[in-house]
There are 2 protein chains.
Amino acid sequence: MTKANKSKQATIAFKANDETLQSFLGYHLKRGFNVVQGDLTKTLKPFELRMLTYTALTLIVDNPGLSQSQLADAMDIERPNLVVIVDELEQRELITRDRVPTDRRAYALRSTLKGQHLFKRAVAAVTLHEQALFQGIDPETRTLIVSAMKQIQLRAAKDSR
Amino acid sequence: MTKANKSKQATIAFKANDETLQSFLGYHLKRGFNVVQGDLTKTLKPFELRMLTYTALTLIVDNPGLSQSQLADAMDIERPNLVVIVDELEQRELITRDRVPTDRRAYALRSTLKGQHLFKRAVAAVTLHEQALFQGIDPETRTLIVSAMKQIQLRAAKDSR
DNA sequence: TATTGTTATACTCTATAACTATA
DNA sequence: TATAGTTATAGAGTATAACAATA
């Protein structure tokens with residue numbers, strides 16, 4: 001999103017004296033994610049969705065009946081932060097929130113037809129944009145990246161036991 | 001950082017009905033980056049550094065004399081947001097801010113000895129932690145990930161022309 | 001006129017504590 | 001007691017507009 005500075009000669013002065021930075025994985029992941037996130041934001045704007053609402057909708061469409069706790073877990077955010085997201089999707093009538101008969105504390109989240117239709121169009125747009133962004137990166141590398149990201153998560157989960 | 005929910009049975013209910021999610025690269029990158037960022041935050045805490053201050057320090061140590069504009073550009077953040085970061089590093093006497101004689105609008109940023117020593121210790125810790133996190137992911141894959149992240153950035157820069 | 005650094009400000013995302021209603 | 005969802009709140013990180021000093 002950071003319109004990669006507008007100054008015409010911003011990329012002048014670096015000596016290739018940056019071994020530390022080059023091997024700093026967090027730095028590269030951050031910059032990469034920034035780009036992906038920025039592209040995603042633009043792509044989702046016509047649908048009035050953000051990354052968070054889009055991700056939530058995706059999970060609800062594909063896993064009808066899941067609870068807010070499960071959704072928060074899948075999205076790696078705290079439950080309090082999910083409330084407004086679910087509120088928004090519900091107000092726009094993209095999803096429904098029904099009490100679970102067997103556990104009246106929990107909500108079963110389900111997408112509406114309207115939600116499914118919007119989702120379908122949004123997915124198409126996102127897929128196209130991600131393809132464009134990752135064009136020139138072969139499918140195997142993409143798979144490698146995804147599985148590396150998953151492995152990192154497993155390791156982190158293990159470490160925090 | 002999102003202590004991957006504490007509920008003991010959070011990972012119950014998913015049908016493997018999540019093709020859309022599986023192919024959603026932004027989602028995986030976000031989760032992966034979350035883990036890396038969380039680990040980094042913990043690793044840098046003893047040095048009283050955050051990812052942003054650590055990255056700034058890295059760039060200043062390796063590129064003495066660079067300006068705040070150049071630094072903001074390298075860090076992919078807006079100049080106003082860099083000010084407090086540089087303020088913090090200067091107040092802690094990890095860097096100096098000298099007026100550039102040939103262009104008295106700009107500051108030349110340089111690390112102090114104290115900054116270099118702190119940096120050296122921080123880098124060692126970060127390197128160790130990233131190695132642990134990416135353990136099991138072979139070096140070639142790591143290189144692939146980094147170059148993929150760079151390619152994405154080039155594409156984004158091209159698209160915003 | 002344009003650029004460097006700055007201030008003020010607002011918005012998004014995130015994290016924690018404390019509450020309610022159900023279990 | 002413990003869990004699901006909620007409210008309130010605070011803290012990061014980020015983006016924009018407008019300004020002073022300098023080019």
# chains A, B, ... in the order shown; residues from 1 in each chain; ligands from 1
call {"tool": "select_by_dssp", "arguments": {"residues": "range 32-156 of chain A", "states": "helix (DSSP H, G or I)", "output": "PyMOL selection string"}}
result
chain A and resi 32-47+51-62+68-75+79-91+113-133+139-156
call {"tool": "closest_atom_pairs", "arguments": {"of": "chain D", "to": "chain B", "cutoff": "12 Å", "atoms": "only C-alpha atoms (C1' of nucleotides)", "output": "tab-separated table"}}
result
residue	atom	partner	partner_atom	distance
D:DA2	C1'	B:Ser7	CA	10.4
D:DT3	C1'	B:Ser7	CA	8.5
D:DA4	C1'	B:Ser7	CA	10.9
D:DA12	C1'	B:Arg50	CA	10.5
D:DG13	C1'	B:Asn81	CA	8.6
D:DT14	C1'	B:Asn81	CA	7.6
D:DA15	C1'	B:Glu78	CA	7.5
D:DT16	C1'	B:Pro80	CA	10.0
D:DA17	C1'	B:Pro80	CA	11.4
D:DA20	C1'	B:Arg105	CA	10.7
D:DA21	C1'	B:Arg105	CA	6.9
D:DT22	C1'	B:Arg105	CA	5.3
D:DA23	C1'	B:Asp103	CA	7.4
call {"tool": "interface_residues", "arguments": {"of": "chain B", "to": "chain C", "cutoff": "12 Å", "atoms": "only C-alpha atoms (C1' of nucleotides)", "output": "PyMOL selection string"}}
result
chain B and resi 1-3+34+67-70+72+78-84+86-87+97+99-100+103-108
call {"tool": "closest_atom_pairs", "arguments": {"of": "chain B", "to": "chain A", "cutoff": "7 Å", "atoms": "only C-alpha atoms", "output": "CSV"}}
result
residue,atom,partner,partner_atom,distance
B:Thr2,CA,A:Ile77,CA,6.0
B:Ala4,CA,A:Asp76,CA,6.4
B:Asn5,CA,A:Asp73,CA,5.7
B:Ala10,CA,A:Gln70,CA,5.9
B:Phe14,CA,A:Asn63,CA,6.7
B:Lys15,CA,A:Asn63,CA,6.9
B:Asn17,CA,A:Asp62,CA,6.0
B:Asp18,CA,A:Asp62,CA,5.7
B:Leu21,CA,A:Thr58,CA,6.9
B:Gly26,CA,A:Val36,CA,6.1
B:His28,CA,A:Val146,CA,6.1
B:Leu29,CA,A:Phe33,CA,6.2
B:Lys30,CA,A:Phe33,CA,6.6
B:Gly32,CA,A:Met149,CA,4.7
B:Phe33,CA,A:Leu29,CA,6.2
B:Val35,CA,A:Gln153,CA,6.3
B:Val36,CA,A:Gly26,CA,6.1
B:Gln37,CA,A:Gly26,CA,6.8
B:Thr58,CA,A:Leu21,CA,6.9
B:Asp62,CA,A:Asp18,CA,5.8
B:Asn63,CA,A:Phe14,CA,6.7
B:Gln70,CA,A:Ala10,CA,6.0
B:Asp73,CA,A:Asn5,CA,5.8
B:Asp76,CA,A:Thr2,CA,6.1
B:Ile77,CA,A:Thr2,CA,6.0
B:Glu78,CA,A:Thr2,CA,6.7
B:Leu133,CA,A:Ile152,CA,6.0
B:Phe134,CA,A:Ile152,CA,6.5
B:Ile137,CA,A:Ala148,CA,6.8
B:Ile145,CA,A:Ile145,CA,6.1
B:Val146,CA,A:His28,CA,6.1
B:Ala148,CA,A:Ile137,CA,6.8
B:Met149,CA,A:Gly32,CA,4.7
B:Lys150,CA,A:Gly32,CA,6.9
B:Ile152,CA,A:Leu133,CA,5.9
B:Gln153,CA,A:Val35,CA,6.3
B:Arg155,CA,A:Leu133,CA,6.4
B:Ala156,CA,A:Val35,CA,6.6
call {"tool": "atom_distance", "arguments": {"atom1": "CA of His129 in chain B", "atom2": "CA of Gly115 in chain B"}}
result
20.7 Å
call {"tool": "select_by_dssp", "arguments": {"residues": "range 11-109 of chain B", "states": "strand (DSSP E or B)", "output": "PyMOL selection string"}}
result
chain B and resi 66+95-100+103-109
call {"tool": "residues_around", "arguments": {"residues": "Arg92 in chain B", "least_positions_apart": "2", "cutoff": "12 Å", "atoms": "only C-alpha atoms (C1' of nucleotides)", "output": "VMD selection string"}}
result
chain B and resid 47 to 49 53 57 85 to 90 94 to 96 111 to 115 118
call {"tool": "atom_distance", "arguments": {"atom1": "CA of Leu44 in chain B", "atom2": "CA of Ala124 in chain B"}}
result
10.7 Å
